[in-house]
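**Student:** Next up, model-v3.txt (compact mmCIF, C-alpha atoms).
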```txt
# COMPACT_ATOMS: atom_id res chain seq x y z
CA MET A 1122 124.96 76.24 67.20
CA LYS A 1123 125.71 77.80 63.82
CA LYS A 1124 128.45 80.01 65.17
CA SER A 1125 131.06 78.46 67.47
CA PHE A 1126 132.01 80.11 70.71
CA LYS A 1127 135.54 80.52 69.37
CA GLN A 1128 134.20 82.58 66.44
CA TRP A 1129 132.29 85.08 68.58
CA VAL A 1130 134.66 85.33 71.51
CA GLY A 1131 137.96 83.67 70.59
CA ALA A 1132 140.07 86.58 69.40
CA GLY A 1133 138.17 88.85 71.72
CA SER A 1134 139.09 86.90 74.86
CA THR A 1135 142.20 89.03 75.20
CA VAL A 1136 139.98 92.13 75.41
CA VAL A 1137 137.65 90.45 77.88
CA ILE A 1138 140.50 89.38 80.09
CA ALA A 1139 142.17 92.79 79.93
CA ALA A 1140 138.94 94.42 80.99
CA THR A 1141 138.59 91.87 83.76
CA VAL A 1142 141.99 92.77 85.19
CA VAL A 1143 140.89 96.39 85.49
CA ALA A 1144 137.37 95.68 86.69
CA GLY A 1145 138.05 92.71 88.93
CA CYS A 1146 139.55 94.50 91.91
CA GLY A 1147 138.04 93.71 95.25
CA THR A 1148 137.03 90.11 94.51
CA THR A 1149 136.42 88.04 97.58
CA ASN A 1150 137.02 84.70 95.86
CA THR A 1151 140.25 83.11 97.05
CA THR A 1152 140.78 81.41 93.68
CA PRO A 1153 143.05 83.61 91.51
CA GLN A 1154 141.23 85.38 88.69
CA GLN A 1155 142.15 84.02 85.26
CA THR A 1156 144.11 86.84 83.63
CA THR A 1157 145.92 85.04 80.82
CA GLN A 1158 144.76 83.79 77.47
CA PRO A 1159 143.52 80.21 77.27
CA SER A 1160 146.15 77.61 76.46
CA ALA A 1161 146.71 76.59 72.86
CA ALA A 1162 145.14 73.20 73.57
CA ALA A 1163 142.07 74.78 75.11
CA THR A 1164 141.72 77.18 72.22
CA ALA A 1165 142.08 74.38 69.73
CA ASN A 1166 139.27 72.54 71.45
CA ALA A 1167 137.15 75.73 71.50
CA LYS A 1168 136.95 75.49 75.29
CA PRO A 1169 138.81 78.59 76.50
CA PHE A 1170 137.29 78.32 79.99
CA ALA A 1171 137.51 74.58 80.56
CA GLY A 1172 136.97 73.71 84.20
CA LYS A 1173 135.30 77.00 85.12
CA THR A 1174 131.96 77.04 86.95
CA ILE A 1175 129.65 80.03 87.21
CA SER A 1176 126.39 80.49 89.10
CA LEU A 1177 123.31 81.93 87.41
CA VAL A 1178 120.23 83.09 89.32
CA THR A 1179 117.06 83.71 87.34
CA ALA A 1180 113.49 84.70 87.99
CA ASN A 1181 110.73 82.20 87.33
CA HIS A 1182 110.22 83.73 83.91
CA PRO A 1183 109.64 82.45 80.34
CA TRP A 1184 113.08 83.73 79.35
CA ALA A 1185 114.67 81.43 81.91
CA ASP A 1186 112.57 78.56 80.58
CA ALA A 1187 113.83 79.33 77.09
CA ILE A 1188 117.51 79.68 77.98
CA LYS A 1189 117.89 76.59 80.15
CA PRO A 1190 117.57 74.05 77.30
CA LEU A 1191 120.27 75.96 75.40
CA LEU A 1192 122.83 75.81 78.22
CA PRO A 1193 124.33 72.43 77.19
CA ASP A 1194 125.41 74.04 73.90
CA PHE A 1195 127.16 76.83 75.76
CA GLU A 1196 128.81 74.44 78.20
CA LYS A 1197 130.00 72.19 75.38
CA GLU A 1198 131.50 75.08 73.43
CA THR A 1199 133.21 76.83 76.34
CA GLY A 1200 133.89 74.23 79.01
CA ILE A 1201 132.03 76.44 81.50
CA LYS A 1202 129.60 74.71 83.84
CA VAL A 1203 126.54 76.84 84.61
CA ASN A 1204 124.75 76.16 87.89
CA VAL A 1205 121.22 77.61 87.80
CA GLU A 1206 118.81 78.59 90.55
CA SER A 1207 115.39 80.17 89.96
CA PHE A 1208 113.10 82.14 92.26
CA PHE A 1209 109.86 84.09 92.22
CA GLU A 1210 110.39 87.84 91.67
CA ASP A 1211 110.14 88.98 95.28
CA GLN A 1212 112.21 86.02 96.49
CA LEU A 1213 114.83 86.83 93.85
CA THR A 1214 115.21 90.43 95.00
CA GLN A 1215 115.41 89.36 98.64
CA LYS A 1216 117.99 86.66 97.92
CA LEU A 1217 120.21 88.95 95.88
CA THR A 1218 120.00 91.76 98.43
CA VAL A 1219 120.98 89.44 101.30
CA GLN A 1220 123.88 87.90 99.42
CA PHE A 1221 125.24 91.15 98.07
CA THR A 1222 124.96 92.87 101.42
CA SER A 1223 127.12 90.15 102.90
CA GLY A 1224 129.74 90.62 100.17
CA SER A 1225 129.10 87.28 98.50
CA ALA A 1226 130.94 86.46 95.28
CA THR A 1227 127.91 84.50 94.11
CA PRO A 1228 125.86 84.47 92.05
CA ASP A 1229 128.21 85.41 89.25
CA VAL A 1230 125.38 86.49 86.95
CA PHE A 1231 121.74 87.18 87.65
CA MET A 1232 118.46 88.40 86.21
CA TYR A 1233 117.30 91.73 87.62
CA ARG A 1234 114.71 94.45 86.98
CA PRO A 1235 116.74 97.50 85.92
CA LEU A 1236 114.12 100.14 86.72
CA GLN A 1237 113.13 98.59 90.02
CA GLU A 1238 116.48 97.52 91.47
CA GLY A 1239 119.14 98.73 89.05
CA LYS A 1240 119.99 102.03 90.69
CA LEU A 1241 120.08 100.51 94.19
CA PHE A 1242 122.30 97.64 93.08
CA TYR A 1243 124.64 99.95 91.17
CA LYS A 1244 124.92 102.62 93.87
CA ASN A 1245 125.78 99.93 96.42
CA GLY A 1246 128.58 98.64 94.21
CA TRP A 1247 126.93 95.27 93.68
CA VAL A 1248 127.02 95.19 89.87
CA GLN A 1249 130.01 95.29 87.56
CA PRO A 1250 129.90 98.02 84.86
CA LEU A 1251 129.94 96.26 81.49
CA ASP A 1252 130.86 99.12 79.15
CA ASP A 1253 134.31 97.85 78.18
CA TYR A 1254 133.15 94.26 77.84
CA ALA A 1255 130.21 95.12 75.58
CA GLN A 1256 131.90 97.76 73.43
CA LYS A 1257 135.02 95.72 72.74
CA ALA A 1258 133.63 92.18 72.48
CA LYS A 1259 134.37 90.63 69.11
CA ASP A 1260 131.33 90.29 66.79
CA TYR A 1261 128.94 91.24 69.62
CA ASP A 1262 127.51 94.27 67.79
CA PHE A 1263 126.49 96.20 70.88
CA ASN A 1264 124.96 98.93 68.72
CA ASP A 1265 122.32 96.44 67.61
CA PHE A 1266 120.50 96.88 70.94
CA SER A 1267 117.69 99.43 70.83
CA LYS A 1268 118.60 102.80 72.31
CA SER A 1269 115.77 102.76 74.85
CA SER A 1270 116.64 99.27 76.11
CA ILE A 1271 120.21 100.35 76.84
CA GLY A 1272 118.93 103.53 78.45
CA SER A 1273 116.99 101.41 80.95
CA THR A 1274 120.11 99.51 82.00
CA THR A 1275 122.36 102.56 82.23
CA VAL A 1276 123.02 104.17 85.62
CA ASP A 1277 125.13 107.32 85.98
CA ALA A 1278 126.30 106.88 82.37
CA LYS A 1279 127.56 103.36 83.10
CA LEU A 1280 126.19 100.13 81.64
CA ALA A 1281 124.92 98.21 84.67
CA GLY A 1282 123.45 95.27 82.73
CA ILE A 1283 122.48 93.87 79.34
CA PRO A 1284 118.81 93.88 78.25
CA ILE A 1285 117.06 90.54 77.77
CA ILE A 1286 113.33 91.42 77.93
CA THR A 1287 111.76 94.61 76.58
CA GLU A 1288 108.30 96.05 77.03
CA GLN A 1289 106.25 98.96 75.67
CA GLU A 1290 102.86 100.44 76.54
CA ILE A 1291 100.32 100.07 73.75
CA LEU A 1292 96.62 100.56 73.13
CA TYR A 1293 94.38 97.49 73.09
CA TYR A 1294 90.95 97.87 71.51
CA ARG A 1295 87.88 95.96 70.40
CA LYS A 1296 87.86 95.71 66.62
CA ASP A 1297 84.19 94.79 66.42
CA LEU A 1298 82.99 97.66 68.60
CA LEU A 1299 84.95 100.26 66.66
CA GLN A 1300 83.77 98.88 63.34
CA LYS A 1301 80.12 98.82 64.41
CA ALA A 1302 80.30 102.40 65.70
CA GLY A 1303 82.25 103.65 62.69
CA ILE A 1304 85.14 104.81 64.87
CA SER A 1305 88.73 104.90 63.61
CA VAL A 1306 91.53 103.61 65.83
CA PRO A 1307 92.50 106.61 68.00
CA LYS A 1308 95.83 108.16 67.12
CA THR A 1309 95.73 110.93 69.72
CA LEU A 1310 94.70 111.13 73.35
CA ASP A 1311 91.87 113.48 72.39
CA GLU A 1312 90.59 110.95 69.88
CA LEU A 1313 90.87 108.23 72.51
CA ALA A 1314 88.81 110.25 74.99
CA ALA A 1315 86.12 110.85 72.37
CA ALA A 1316 85.96 107.20 71.34
CA VAL A 1317 85.86 106.05 74.96
CA LYS A 1318 82.95 108.39 75.69
CA LYS A 1319 81.03 107.20 72.62
CA LEU A 1320 81.39 103.50 73.42
CA HIS A 1321 80.77 103.82 77.16
CA ASP A 1322 77.43 102.13 77.94
CA PRO A 1323 77.42 101.10 81.61
CA LYS A 1324 73.70 100.24 81.60
CA ASN A 1325 74.59 97.33 79.33
CA GLU A 1326 77.80 96.53 81.21
CA MET A 1327 79.99 98.00 78.50
CA TYR A 1328 82.67 100.38 79.70
CA GLY A 1329 84.77 102.72 77.62
CA PHE A 1330 88.18 102.31 79.20
CA VAL A 1331 90.17 100.34 81.73
CA ALA A 1332 93.74 100.50 83.03
CA ARG A 1333 95.57 100.08 86.31
CA GLY A 1334 93.96 102.07 89.12
CA GLN A 1335 95.93 100.90 92.14
CA ARG A 1336 98.16 103.60 93.58
CA SER A 1337 101.56 102.06 92.89
CA PRO A 1338 100.84 99.90 89.81
CA LEU A 1339 99.21 102.78 87.90
CA VAL A 1340 102.44 104.79 87.89
CA THR A 1341 104.13 102.77 85.15
CA GLN A 1342 101.08 103.08 82.91
CA VAL A 1343 100.43 106.79 83.43
CA SER A 1344 104.05 107.39 82.42
CA SER A 1345 103.22 107.18 78.70
CA PHE A 1346 100.53 109.83 79.20
CA LEU A 1347 103.18 112.03 80.85
CA TYR A 1348 105.76 111.64 78.10
CA SER A 1349 103.23 112.13 75.32
CA GLU A 1350 102.20 115.46 76.87
CA GLY A 1351 105.83 116.59 77.09
CA ALA A 1352 106.26 115.89 80.82
CA ASP A 1353 108.36 113.51 82.90
CA PHE A 1354 108.70 112.47 86.53
CA THR A 1355 111.92 114.45 86.83
CA THR A 1356 113.64 117.15 84.79
CA ASN A 1357 117.30 118.07 85.20
CA ASP A 1358 117.52 116.17 88.48
CA LYS A 1359 114.45 117.90 89.91
CA ALA A 1360 110.99 116.47 90.55
CA SER A 1361 108.56 117.74 87.89
CA ILE A 1362 105.22 116.03 88.42
CA ASN A 1363 103.39 119.30 89.13
CA THR A 1364 104.01 121.06 85.80
CA PRO A 1365 101.02 122.00 83.63
CA GLU A 1366 101.91 119.22 81.19
CA ALA A 1367 102.14 116.64 83.99
CA VAL A 1368 98.87 117.75 85.57
CA LYS A 1369 97.15 117.48 82.20
CA ALA A 1370 98.46 113.92 81.75
CA PHE A 1371 97.38 112.85 85.21
CA THR A 1372 93.98 114.45 84.64
CA THR A 1373 93.47 112.62 81.35
CA TYR A 1374 94.36 109.24 82.82
CA GLY A 1375 92.45 109.80 86.05
CA THR A 1376 89.34 111.10 84.28
CA LEU A 1377 89.22 108.14 81.91
CA LEU A 1378 89.27 105.83 84.91
CA LYS A 1379 86.90 107.88 87.06
CA ASP A 1380 84.22 108.43 84.41
CA TYR A 1381 84.49 105.50 82.01
CA ALA A 1382 86.02 102.49 83.80
CA PRO A 1383 84.23 99.52 85.39
CA PRO A 1384 83.37 99.55 89.10
CA GLY A 1385 86.29 98.69 91.37
CA VAL A 1386 88.96 100.15 89.09
CA LEU A 1387 90.55 101.92 92.06
CA ASN A 1388 91.78 98.50 93.21
CA MET A 1389 92.81 97.13 89.83
CA SER A 1390 96.31 96.18 88.75
CA TRP A 1391 97.02 94.52 85.42
CA PRO A 1392 95.43 91.10 86.14
CA GLN A 1393 92.08 92.67 87.00
CA ALA A 1394 92.22 95.17 84.12
CA PHE A 1395 93.01 92.49 81.56
CA GLY A 1396 90.51 90.15 83.15
CA ILE A 1397 87.53 92.44 82.63
CA PHE A 1398 88.73 93.42 79.15
CA ALA A 1399 88.95 89.73 78.25
CA GLN A 1400 85.38 89.24 79.49
CA GLY A 1401 84.25 91.56 76.70
CA LYS A 1402 83.10 94.39 78.95
CA VAL A 1403 85.55 97.14 77.93
CA ALA A 1404 86.30 98.89 74.64
CA PHE A 1405 89.85 100.19 75.30
CA LEU A 1406 92.77 99.21 77.50
CA THR A 1407 96.25 100.69 77.80
CA ASP A 1408 98.96 98.45 79.24
CA ALA A 1409 102.12 96.51 78.43
CA ASN A 1410 102.43 94.69 75.12
CA SER A 1411 104.10 91.80 76.96
CA LEU A 1412 100.74 90.91 78.51
CA TYR A 1413 98.89 90.50 75.21
CA GLN A 1414 98.16 86.80 75.67
CA ASN A 1415 95.83 87.67 78.53
CA ALA A 1416 93.60 89.26 75.91
CA THR A 1417 94.20 86.98 72.91
CA ASP A 1418 94.36 83.50 74.43
CA PRO A 1419 90.97 81.81 73.80
CA ALA A 1420 91.35 79.96 77.10
CA LYS A 1421 91.41 83.33 78.93
CA SER A 1422 89.47 85.65 76.66
CA LYS A 1423 85.92 85.72 75.31
CA ILE A 1424 86.93 88.26 72.68
CA SER A 1425 90.27 86.76 71.63
CA ASP A 1426 89.51 87.14 67.92
CA GLN A 1427 88.43 90.78 68.24
CA VAL A 1428 91.48 92.27 69.95
CA GLY A 1429 93.31 95.00 68.09
CA PHE A 1430 96.69 96.58 68.86
CA ALA A 1431 97.76 100.17 68.24
CA VAL A 1432 100.63 102.49 69.02
CA PHE A 1433 100.00 104.54 72.15
CA PRO A 1434 97.93 107.64 71.23
CA GLY A 1435 99.83 110.88 70.88
CA GLY A 1436 99.55 114.00 72.99
CA LYS A 1437 101.14 117.43 72.75
CA SER A 1438 104.56 115.84 72.10
CA GLY A 1439 103.33 113.02 69.90
CA SER A 1440 103.23 109.34 70.77
CA LYS A 1441 105.86 108.64 73.43
CA PRO A 1442 105.12 105.38 75.20
CA TYR A 1443 107.56 103.88 77.61
CA SER A 1444 109.90 101.42 75.92
CA ILE A 1445 111.92 99.73 78.61
CA THR A 1446 114.07 96.82 79.61
CA SER A 1447 111.89 94.96 82.09
CA TRP A 1448 114.56 92.31 82.74
CA GLY A 1449 118.32 92.35 82.25
CA LEU A 1450 121.41 90.29 83.02
CA ALA A 1451 124.02 91.73 85.38
CA MET A 1452 127.40 90.64 86.69
CA ASN A 1453 128.23 90.49 90.38
CA ALA A 1454 130.98 93.03 91.01
CA LYS A 1455 132.62 90.56 93.41
CA SER A 1456 132.50 87.58 91.08
CA GLY A 1457 135.76 85.68 90.98
CA ASN A 1458 135.00 84.53 87.43
CA LYS A 1459 134.39 87.74 85.52
CA ASP A 1460 135.85 86.49 82.24
CA ALA A 1461 133.69 83.36 82.22
CA THR A 1462 130.68 85.33 83.44
CA TRP A 1463 130.98 87.83 80.61
CA ALA A 1464 131.34 84.93 78.18
CA PHE A 1465 127.96 83.68 79.36
CA ILE A 1466 126.31 87.11 79.16
CA GLN A 1467 127.78 87.65 75.71
CA TRP A 1468 126.44 84.29 74.54
CA ALA A 1469 123.00 84.65 76.17
CA THR A 1470 122.47 88.07 74.57
CA SER A 1471 124.05 87.28 71.21
CA LYS A 1472 122.00 87.57 68.04
CA ASP A 1473 121.73 83.80 67.60
CA VAL A 1474 120.50 83.14 71.13
CA VAL A 1475 118.18 86.16 71.25
CA LEU A 1476 116.59 84.83 68.07
CA LYS A 1477 115.93 81.50 69.77
CA THR A 1478 114.54 82.98 72.98
CA GLN A 1479 112.44 85.49 71.05
CA GLN A 1480 110.91 82.70 68.99
CA LYS A 1481 109.56 81.44 72.31
CA GLY A 1482 107.69 84.73 72.83
CA ASN A 1483 110.33 86.62 74.82
CA PRO A 1484 110.60 90.15 73.34
CA GLY A 1485 114.31 90.89 73.06
CA ALA A 1486 116.24 94.11 72.59
CA ARG A 1487 118.12 93.43 69.36
CA VAL A 1488 116.80 95.42 66.41
CA SER A 1489 118.19 92.98 63.85
CA VAL A 1490 116.24 90.07 65.32
CA TRP A 1491 112.96 92.02 65.08
CA ASP A 1492 113.78 92.68 61.41
CA LYS A 1493 114.08 88.95 60.61
CA PRO A 1494 110.95 87.02 59.56
CA GLU A 1495 112.05 84.14 61.77
CA GLY A 1496 112.50 86.53 64.69
CA ILE A 1497 108.84 87.51 64.91
CA THR A 1498 107.19 84.10 64.75
CA GLY A 1499 106.51 84.13 68.50
CA PHE A 1500 104.15 87.13 68.28
CA PRO A 1501 100.87 88.00 66.54
CA ALA A 1502 101.57 89.48 63.12
CA GLU A 1503 99.46 92.56 63.92
CA LEU A 1504 101.44 93.24 67.10
CA VAL A 1505 104.93 93.18 65.59
CA PRO A 1506 104.84 96.57 63.76
CA ILE A 1507 103.35 98.14 66.90
CA ILE A 1508 106.26 96.83 68.98
CA LYS A 1509 108.84 98.02 66.45
CA GLU A 1510 107.33 101.49 66.13
CA SER A 1511 106.96 101.85 69.92
CA ALA A 1512 110.60 100.90 70.43
CA LYS A 1513 111.67 103.67 68.04
CA THR A 1514 109.75 106.48 69.72
CA GLY A 1515 109.65 105.19 73.28
CA VAL A 1516 111.14 106.50 76.54
CA ASP A 1517 113.57 104.33 78.49
CA HIS A 1518 111.84 104.43 81.89
CA ASP A 1519 108.31 103.89 83.17
CA ARG A 1520 108.70 105.21 86.74
CA PRO A 1521 110.88 107.71 88.60
CA THR A 1522 114.51 106.60 88.29
CA VAL A 1523 115.36 106.67 91.97
CA ILE A 1524 116.68 104.23 94.54
CA SER A 1525 113.55 104.35 96.69
CA VAL A 1526 111.24 103.29 93.87
CA GLY A 1527 108.38 102.13 96.09
CA GLU A 1528 108.14 105.44 97.94
CA ALA A 1529 108.32 107.39 94.70
CA ARG A 1530 105.56 105.37 93.06
CA ASP A 1531 103.28 105.89 96.04
CA ALA A 1532 103.85 109.65 95.87
CA VAL A 1533 103.03 109.82 92.17
CA GLY A 1534 100.09 107.43 92.33
CA GLU A 1535 98.44 109.60 94.97
CA ILE A 1536 97.78 112.30 92.37
CA VAL A 1537 95.69 110.05 90.13
CA GLN A 1538 93.89 108.35 92.97
CA LYS A 1539 92.80 111.68 94.46
CA LEU A 1540 91.29 112.63 91.13
CA MET A 1541 89.57 109.25 90.80
CA THR A 1542 87.99 109.67 94.22
CA GLY A 1543 86.50 113.06 93.45
CA GLU A 1544 89.20 115.70 93.97
CA SER A 1545 88.36 118.40 91.42
CA ASN A 1546 91.54 120.48 91.76
CA ILE A 1547 94.60 118.26 91.71
CA GLN A 1548 97.19 121.01 91.38
CA PRO A 1549 97.68 121.22 95.19
CA VAL A 1550 97.87 117.41 95.29
CA ALA A 1551 100.49 117.45 92.53
CA ASP A 1552 102.46 120.17 94.35
CA LYS A 1553 102.51 118.10 97.53
CA ALA A 1554 103.48 114.95 95.65
CA ASN A 1555 106.24 116.85 93.86
CA GLN A 1556 107.71 117.92 97.20
CA ALA A 1557 107.57 114.32 98.40
CA LEU A 1558 109.33 113.08 95.28
CA GLN A 1559 112.02 115.75 95.60
CA THR A 1560 112.61 114.72 99.22
CA ILE A 1561 113.04 111.13 98.09
CA MET A 1562 115.51 112.20 95.41
CA ASP A 1563 117.50 114.32 97.85
CA LYS A 1564 117.63 111.46 100.33
CA ASP A 1565 118.89 109.12 97.63
CA LYS A 1566 121.87 111.38 97.06
CA THR A 1567 123.11 110.66 100.58
CA ARG A 1568 122.85 106.88 100.20
```
As a first step, turn the structure in this file into structure tokens.
**Tutor:**
Amino acid sequence: MKKSFKQWVGAGSTVVIAATVVAGCGTTNTTPQQTTQPSAAATANAKPFAGKTISLVTANHPWADAIKPLLPDFEKETGIKVNVESFFEDQLTQKLTVQFTSGSATPDVFMYRPLQEGKLFYKNGWVQPLDDYAQKAKDYDFNDFSKSSIGSTTVDAKLAGIPIITEQEILYYRKDLLQKAGISVPKTLDELAAAVKKLHDPKNEMYGFVARGQRSPLVTQVSSFLYSEGADFTTNDKASINTPEAVKAFTTYGTLLKDYAPPGVLNMSWPQAFGIFAQGKVAFLTDANSLYQNATDPAKSKISDQVGFAVFPGGKSGSKPYSITSWGLAMNAKSGNKDATWAFIQWATSKDVVLKTQQKGNPGARVSVWDKPEGITGFPAELVPIIKESAKTGVDHDRPTVISVGEARDAVGEIVQKLMTGESNIQPVADKANQALQTIMDKDKTR
């Protein structure tokens, strides 16, 4: 490592420990929390936490694959032993929920999905707010994280986790089809609709547009249509999916799918949408930039050399795609090793380590890393400016920010699906869905 642990945390360990004393109340670990500075000998050896062990739980995710080979460096520098367990996404959520419900002090640190579980975990007191740690950590440069990524990990104005993986919605398109038809890359939703209509040729198995059509999965992708039309799922703590702007956004998305998508789109999530795009049967696709390899990998795609990327088309309010933290790192509020746990989080999300994980294709949240030539080597050159621009203008959530996320997504998704199945007037559907979302929000307040 170019920068020793002592350089980026040494003098700051006093701050970390002071914050730990305040934040560490209620620990269930019988081992006393370390609340003094490391000994002179330990500091001299650059191992301020010698003998400490922390537990890390990760998802089966490329970021975890990238961080694991780097752990020996961290352990050597700090003296902290990191025990790692990995699980599939649903297993991870279940494991964490069971352990936290029982008041477990482990895992000390864990990967989580801020917009899916963050509010639930925070409201239940399962995650440790990290504001003081992050703001006061020596040489950490917390302000280097993109604004939208921090917005995703913030709950009730408190920092519930640190971003590790970011994601934005973008427009995928067929370069060859647009060039042949003399069509410019759409910059607005109106231009997109016109281009889709022109390239739609179902008799020859060529469809204008595809995106997620399943009730719950479509919600994250229709969100960018909402924001770009000046709408949102909620406004001032009230459900707002039945406003004129929201109805227009739902209508645009639903109509594109109803009139110009391949058969079976009603049952498509991202694997099916990318699959048919990669077969060369669709002109346009809107979805997450993080999934680009499903379109560009020659082993998966027949049109890998003809895939173009563009910023999400603008609506009434311009281009406002979601720009979120899809995965973050959080600290167990009952951890008995908060100082050592923060040292790990600080290291894992430092500029040097983010650079290394991003070079492996994991889109991080640090602006400075995206601005380095060596920081973008893990991504197609044409995609990088699209990611950077989307992060600047993007919105920090891609679904209703509620505890009962599943229920909320079903309520919202119903609007689009009704339109796709032939409902001509979706205002009453939107009104009903809005009432359902408000009920969910009101219920959450009592939890």
**Student:** Stretch 1292-1295 of chain A: which residues within 7 Å, counting all atoms listed in the file, same-chain residues fewer than 4 positions away excluded, as a PyMOL selection string?
**Tutor:** chain A and resi 1299+1404-1408+1427-1433
**Student:** Taking only C-alpha atoms into account, name the residue in A:Arg1333, A:Lys1240, A:Lys1296, A:Lys1173 that is nearest to A:Pro1521.
**Tutor:**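 When distances to A:Pro1521 are compared using only C-alpha atoms, the smallest one comes from A:Lys1240.
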**Student:** Distance atom CA of A:Val1306-atom CA of A:Gly1334, one decimal place?
**Tutor:** 23.5 Å
**Student:** Within 8 Å of stretch 1390-1399 of chain A, counting all atoms listed in the file, which residues show up once you throw out same-chain ones fewer than 6 positions away? Write them as number ranges by chain, please.
**Tutor:** A: 1331-1335, 1338-1339, 1405-1406, 1408, 1415-1417, 1421-1425
**Student:** A:Ser1345: which residues within 12 Å, counting only C-alpha atoms, same-chain residues fewer than 4 positions away excluded, as a ChimeraX atom specification?
**Tutor:** /A:1289-1292,1310,1339-1341,1349-1354,1367,1370-1371,1373-1374,1407-1409,1432-1436,1438-1445,1511,1514-1520
**Student:** Given all atoms listed in the file as the basis, pick out the residue of A:Thr1355, A:Gln1467, A:Gln1212, A:Thr1364 nearest to A:Gly1282.
**Tutor:**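 Among the listed residues, A:Gln1467 lies closest to A:Gly1282.
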**Student:** Name the closest residue to A:Asp1492 among the candidates A:Pro1365, A:Pro1250, A:Gly1272, A:Pro1506; distances are taken between atoms, counting only C-alpha atoms.
**Tutor:** A:Pro1506
**Student:** Measuring atom to atom with all atoms listed in the file, identify which of A:Pro1183, A:Ser1411, A:Ser1471, A:Asn1453 is nearest to A:Thr1218.
**Tutor:** A:Asn1453
**Student:** Using all atoms listed in the file, determine which residues lie at most 7 Å from A:Phe1231, disregarding the query and same-chain residues fewer than 5 positions distant; provide the list as an MDAnalysis selection string.
**Tutor:** chainID A and resid 1177:1179 1450:1452
**Student:** So the first atom is atom CA of A:Lys1244 and the second is atom CA of A:Gly1224; what is the distance between them in Å, to one decimal place?
**Tutor:**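 So the answer is 14.4 Å.
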**Student:** For A:Tyr1243, which residue among A:Ser1545, A:Gln1215, A:Thr1275, A:Thr1356 is the nearest when counting only C-alpha atoms?
**Tutor:**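 That would be A:Thr1275, the residue with the smallest distance to A:Tyr1243.
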**Student:** Which residues are close to stretch 1314-1327 of chain A, i.e. within 9 Å by all atoms listed in the file, leaving aside same-chain residues fewer than 4 positions away? Reply as a list in words.
**Tutor:**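 My list of contacting residues is Leu1298, Leu1299, Ala1302, Ile1304, Ser1305, Val1306, Pro1307, Thr1309, Leu1310, Thr1373, Leu1377, Asp1380, Tyr1381, Ala1382, Pro1383, Gly1401, Lys1402, Val1403, Ala1404 and Phe1405 of chain A.
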**Student:** As an exercise, work out the distance from atom CA of A:Pro1235 to atom CA of A:Asp1252 in Å and give it to one decimal place.
**Tutor:**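 Atom CA of A:Asp1252 lies at a distance of 15.7 Å from atom CA of A:Pro1235.
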**Student:** Taking into account only C-alpha atoms, which residue in the set A:Gly1457, A:Pro1284, A:Gly1496, A:Gly1534 is nearest to A:Trp1184?
**Tutor:**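 Of A:Gly1457, A:Pro1284, A:Gly1496, A:Gly1534, the one nearest A:Trp1184 is A:Pro1284, counting only C-alpha atoms.
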**Student:** Let me have the centre and edge lengths in Å, one decimal, of the box along x, y and z around every listed atom of stretch 1415-1423 of chain A with 5 Å of margin on each side, as AutoDock Vina command-line options.
**Tutor:**
```
--center_x 90.9 --center_y 84.6 --center_z 75.9 --size_x 19.9 --size_y 19.3 --size_z 16.0
```
**Student:** Since the input has fewer atoms than a full residue there, write stretch 1216-1225 of chain A out with N, CA and C atoms, as a PDB file, in the coordinates of the input.
**Tutor:**
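Dumped everything to rebuild_24.pdb:
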```pdb
ATOM      1  N   LYS A1216     116.793  87.491  97.910  1.00  0.00           N
ATOM      2  CA  LYS A1216     117.990  86.660  97.920  1.00  0.00           C
ATOM      3  C   LYS A1216     119.222  87.455  97.473  1.00  0.00           C
ATOM      4  N   LEU A1217     119.080  88.183  96.380  1.00  0.00           N
ATOM      5  CA  LEU A1217     120.210  88.950  95.880  1.00  0.00           C
ATOM      6  C   LEU A1217     120.650  90.015  96.873  1.00  0.00           C
ATOM      7  N   THR A1218     119.675  90.712  97.469  1.00  0.00           N
ATOM      8  CA  THR A1218     120.000  91.760  98.430  1.00  0.00           C
ATOM      9  C   THR A1218     120.758  91.194  99.626  1.00  0.00           C
ATOM     10  N   VAL A1219     120.310  90.070 100.139  1.00  0.00           N
ATOM     11  CA  VAL A1219     120.980  89.440 101.300  1.00  0.00           C
ATOM     12  C   VAL A1219     122.399  89.024 100.936  1.00  0.00           C
ATOM     13  N   GLN A1220     122.551  88.382  99.788  1.00  0.00           N
ATOM     14  CA  GLN A1220     123.880  87.900  99.420  1.00  0.00           C
ATOM     15  C   GLN A1220     124.843  89.041  99.113  1.00  0.00           C
ATOM     16  N   PHE A1221     124.365  90.038  98.407  1.00  0.00           N
ATOM     17  CA  PHE A1221     125.240  91.150  98.070  1.00  0.00           C
ATOM     18  C   PHE A1221     125.608  91.973  99.302  1.00  0.00           C
ATOM     19  N   THR A1222     124.666  92.134 100.196  1.00  0.00           N
ATOM     20  CA  THR A1222     124.960  92.870 101.420  1.00  0.00           C
ATOM     21  C   THR A1222     126.056  92.203 102.231  1.00  0.00           C
ATOM     22  N   SER A1223     126.099  90.891 102.157  1.00  0.00           N
ATOM     23  CA  SER A1223     127.120  90.150 102.900  1.00  0.00           C
ATOM     24  C   SER A1223     128.441  90.052 102.153  1.00  0.00           C
ATOM     25  N   GLY A1224     128.501  90.633 100.945  1.00  0.00           N
ATOM     26  CA  GLY A1224     129.740  90.620 100.170  1.00  0.00           C
ATOM     27  C   GLY A1224     129.992  89.340  99.426  1.00  0.00           C
ATOM     28  N   SER A1225     128.941  88.576  99.159  1.00  0.00           N
ATOM     29  CA  SER A1225     129.100  87.280  98.500  1.00  0.00           C
ATOM     30  C   SER A1225     129.590  87.422  97.061  1.00  0.00           C
TER      31      SER A1225
END
```
